[in-house]
Amino acid sequence: MVERAPRRVAAVSAGPSSAYQGVAAAWARGPAALYDALATVAIAEVAHELAGATVLDVGAGTGALCRALRSAGAVPIAVDTSADMLRLAGAAAAFTVVADMCALPINERSVDAAVSGFAISHLHQPERALEEMRRVVRPHGRVVAAVFGEAPASAAKDVVDTVVKDYGYQPPDWYLELKNGTEPRSNTPALLRHCAESARLDAIEVADISVEPGLDTPEAITAYRTGLAHVAPFIAALPMAQRDELISRAVAAVRNRGQAVRPRVLVLSSRVPA
């Protein structure tokens with residue numbers, strides 16, 4: 001199934017993927033709980049089709065979708081550019097592959113389905129990842145991709161960000177590009193559908209869902225926000241006393257002015273043509 005000499009496509013930058021090296025531990029303490037909940041939502045409509053199927057999880061990170069796939073009875077293969085993140089997938093993945101989602105080292109038509117959770121939105125050309133997913137999936141197999149939908153500002157996120165900036169934090173360029181350049185290429189149902197059409201997928205459907213992931217306490221919201229890849233390295237570099245003070249202040253700010261996190265999620269469901 002995995003090629004000895006990976007097939008390569010035209011060079012396509014994976015955007016901020018390198019930023020996820022070295023943040024796996026912080027991710028596991030905070031954002032992982034949210035992404036595990038979102039992964040279950042992402043495959044809910046197709047889970048009954050995946051029992052016994054070999055499913056490629058593209059941009060797998062720490063394995064949230066792999067765990068959801070295991071629960072559905074599937075056999076997940078995790079692909080990500082970050083070996084650091086993949087190590088935390090553990091036994092959820094049958095095996096892991098360090099690779100670019102736009103140049104998968106996987107034979108054509110060799111897996112039953114391919115899924116991606118919140119990864120194609122990191123690309124300037126998200127359709128290229130969908131094309132690669134279509135290439136490796138057998139005819140009539142499922143291609144599923146979830147992204148965050150365009151949504152209004154969140155008070156809980158804003159107050160945490162304000163506290164972090166008080167300690168000298170500035171968002172890295174890759175994160176600004178993600179929010180302003182790449183995410184807006186797929187963050188509405190029409191845009192995501194267009195990506196799937198450009199990738200020549202069939203039976204395209206896009207669900208627009210407001211998720212309640214149970215991220216309701218100030219402590220959980222703060223752990224989620226401060227564990228994300230764009231801010232975790234900054235916090236980790238602070239002296240321990242300053243780091244503890246920042247977290248305490250962020251928790252207090254969320255308690256006073258924040259609210260539960262309710263992300264808007266778009267789920268693309270499609271099939272590979274015959």
# chains A, B, ... in the order shown; residues from 1 in each chain; ligands from 1
>>> residues_around(residues="A:Lys179", least_positions_apart="6", cutoff="12 Å", atoms="only C-alpha atoms", output="PyMOL selection string")
chain A and resi 15-16+121-124+148-151+171-173+185-187+230
>>> write_last_selection(atoms="N, CA and C atoms", output="compact mmCIF listing (two decimals), in the first residue's frame")
# COMPACT_ATOMS: atom_id res chain seq x y z
N GLY A 15 2.05 24.99 4.31
CA GLY A 15 1.77 26.13 5.17
C GLY A 15 2.43 26.01 6.52
N PRO A 16 1.65 26.12 7.62
CA PRO A 16 2.25 26.17 8.94
C PRO A 16 2.53 24.81 9.55
N SER A 121 -7.57 23.16 5.47
CA SER A 121 -7.69 24.62 5.57
C SER A 121 -6.35 25.28 5.86
N HIS A 122 -5.29 24.47 6.06
CA HIS A 122 -3.95 25.00 6.23
C HIS A 122 -3.24 25.21 4.89
N LEU A 123 -3.92 24.91 3.81
CA LEU A 123 -3.31 24.95 2.48
C LEU A 123 -3.84 26.10 1.65
N HIS A 124 -2.97 26.69 0.85
CA HIS A 124 -3.42 27.70 -0.10
C HIS A 124 -4.28 27.10 -1.20
N PHE A 148 -13.04 24.40 10.02
CA PHE A 148 -13.78 25.37 10.82
C PHE A 148 -14.48 26.35 9.89
N GLY A 149 -15.75 26.62 10.17
CA GLY A 149 -16.50 27.58 9.39
C GLY A 149 -16.26 29.00 9.86
N GLU A 150 -16.47 29.93 8.95
CA GLU A 150 -16.39 31.35 9.30
C GLU A 150 -17.36 31.64 10.44
N ALA A 151 -16.88 32.30 11.48
CA ALA A 151 -17.70 32.51 12.67
C ALA A 151 -17.34 33.84 13.32
N PRO A 171 1.42 37.26 17.50
CA PRO A 171 1.10 36.10 16.66
C PRO A 171 2.15 35.91 15.58
N PRO A 172 2.60 34.67 15.35
CA PRO A 172 3.60 34.43 14.30
C PRO A 172 3.01 34.68 12.92
N ASP A 173 3.87 34.95 11.97
CA ASP A 173 3.41 35.25 10.61
C ASP A 173 2.59 34.11 10.02
N ARG A 185 -10.22 30.24 2.28
CA ARG A 185 -10.39 29.53 1.01
C ARG A 185 -11.36 28.37 1.11
N SER A 186 -11.75 28.00 2.34
CA SER A 186 -12.63 26.83 2.49
C SER A 186 -13.60 26.96 3.66
N ASN A 187 -13.79 28.15 4.22
CA ASN A 187 -14.53 28.26 5.47
C ASN A 187 -16.00 28.64 5.34
N HIS A 230 0.11 28.01 17.74
CA HIS A 230 0.63 29.36 17.51
C HIS A 230 1.02 30.07 18.80
>>> select_by_dssp(residues="stretch 135-236 of chain A", states="helix (DSSP H, G or I)", output="VMD selection string")
chain A and resid 135 to 136 155 to 166 173 to 185 189 to 198 218 to 226 232 to 236
>>> residues_around(residues="A:Val261", least_positions_apart="5", cutoff="9 Å", atoms="only C-alpha atoms", output="ChimeraX atom specification")
/A:154,156-157,211-216,221
>>> residues_around(residues="stretch 54-69 of chain A", least_positions_apart="2", cutoff="6 Å", atoms="only C-alpha atoms", output="short mmCIF file (atom, residue, chain, number, x, y, z; two decimals) with C-alpha atoms, in the first residue's frame")
data_model
loop_
_atom_site.label_atom_id
_atom_site.label_comp_id
_atom_site.auth_asym_id
_atom_site.auth_seq_id
_atom_site.Cartn_x
_atom_site.Cartn_y
_atom_site.Cartn_z
CA ASP A 36 -11.61 14.49 19.94
CA ALA A 39 -13.65 14.17 15.24
CA THR A 40 -16.71 12.23 16.36
CA SER A 71 -14.64 3.43 17.65
CA ALA A 72 -16.47 2.99 14.34
CA ALA A 74 -12.31 1.08 10.99
CA VAL A 75 -8.56 0.50 10.57
CA PRO A 76 -6.93 3.97 10.53
CA ILE A 77 -3.63 4.93 8.89
CA ALA A 78 -2.36 8.27 10.21
CA VAL A 79 -0.50 10.69 7.92
CA ASP A 80 0.98 13.97 9.13
CA MET A 85 2.23 14.91 16.86
CA LEU A 86 1.95 11.41 15.38
CA LEU A 88 0.73 10.79 20.51
CA ALA A 89 -1.66 8.94 18.20
CA ALA A 92 -5.29 4.52 17.66
CA ALA A 93 -3.50 4.25 14.30
CA VAL A 111 -7.56 2.43 0.71
CA ASP A 112 -11.30 2.24 1.31
CA ALA A 113 -11.76 5.84 2.44
CA ALA A 114 -9.86 9.00 3.39
CA VAL A 115 -10.72 11.57 6.01
CA SER A 116 -9.17 14.85 7.13
CA ALA A 119 -6.04 20.17 8.00
#
>>> select_by_dssp(residues="stretch 3-251 of chain A", states="strand (DSSP E or B)", output="PyMOL selection string")
chain A and resi 54-58+75-80+95-98+106+111-117+137-148+202-210
>>> residues_around(residues="A:Ala250", least_positions_apart="6", cutoff="7 Å", atoms="only C-alpha atoms", output="list in words")
Val160, Val163 and Thr222 of chain A
>>> residues_around(residues="A:Glu45", least_positions_apart="3", cutoff="12 Å", atoms="only C-alpha atoms", output="PyMOL selection string")
chain A and resi 39-42+48-50+72+142+144+205-207+267-270
>>> write_last_selection(atoms="N, CA and C atoms", output="compact mmCIF listing (two decimals), in the first residue's frame")
# COMPACT_ATOMS: atom_id res chain seq x y z
N ALA A 39 -13.88 15.32 16.11
CA ALA A 39 -13.65 14.17 15.24
C ALA A 39 -14.87 13.26 15.19
N THR A 40 -15.50 13.06 16.32
CA THR A 40 -16.71 12.23 16.36
C THR A 40 -17.80 12.84 15.49
N VAL A 41 -17.93 14.15 15.55
CA VAL A 41 -18.92 14.86 14.73
C VAL A 41 -18.57 14.73 13.25
N ALA A 42 -17.29 14.81 12.92
CA ALA A 42 -16.86 14.83 11.52
C ALA A 42 -17.23 13.55 10.78
N HIS A 48 -21.15 4.42 9.99
CA HIS A 48 -21.72 3.08 9.78
C HIS A 48 -21.15 2.41 8.53
N GLU A 49 -20.60 3.20 7.60
CA GLU A 49 -20.02 2.64 6.37
C GLU A 49 -18.57 2.20 6.55
N LEU A 50 -17.95 2.59 7.66
CA LEU A 50 -16.50 2.44 7.78
C LEU A 50 -16.06 1.24 8.59
N ALA A 72 -15.54 3.39 15.39
CA ALA A 72 -16.47 2.99 14.34
C ALA A 72 -16.12 1.63 13.74
N ARG A 142 -15.36 6.78 0.25
CA ARG A 142 -15.66 8.07 0.86
C ARG A 142 -14.41 8.95 0.98
N VAL A 144 -13.88 12.46 3.16
CA VAL A 144 -14.54 13.33 4.14
C VAL A 144 -13.51 14.32 4.67
N GLU A 205 -21.68 16.65 -0.44
CA GLU A 205 -22.58 17.26 0.54
C GLU A 205 -21.74 18.00 1.57
N VAL A 206 -22.23 19.14 2.05
CA VAL A 206 -21.54 19.90 3.09
C VAL A 206 -22.51 20.18 4.22
N ALA A 207 -22.20 19.66 5.40
CA ALA A 207 -23.01 19.91 6.60
C ALA A 207 -22.41 21.09 7.36
N VAL A 267 -18.54 20.04 7.42
CA VAL A 267 -18.11 18.68 7.11
C VAL A 267 -18.46 18.35 5.67
N LEU A 268 -17.43 18.18 4.86
CA LEU A 268 -17.60 17.74 3.48
C LEU A 268 -17.64 16.22 3.43
N SER A 269 -18.68 15.70 2.80
CA SER A 269 -18.78 14.27 2.55
C SER A 269 -18.93 14.06 1.05
N SER A 270 -18.13 13.16 0.49
CA SER A 270 -18.15 12.96 -0.97
C SER A 270 -17.71 11.54 -1.29
>>> residues_around(residues="A:Thr217", least_positions_apart="3", cutoff="8 Å", atoms="only C-alpha atoms", output="list in words")
Ala220, Ile221, Arg255 and Ala260 of chain A
>>> atom_distance(atom1="atom CA of A:Arg29", atom2="atom CA of A:Pro233")
13.7 Å
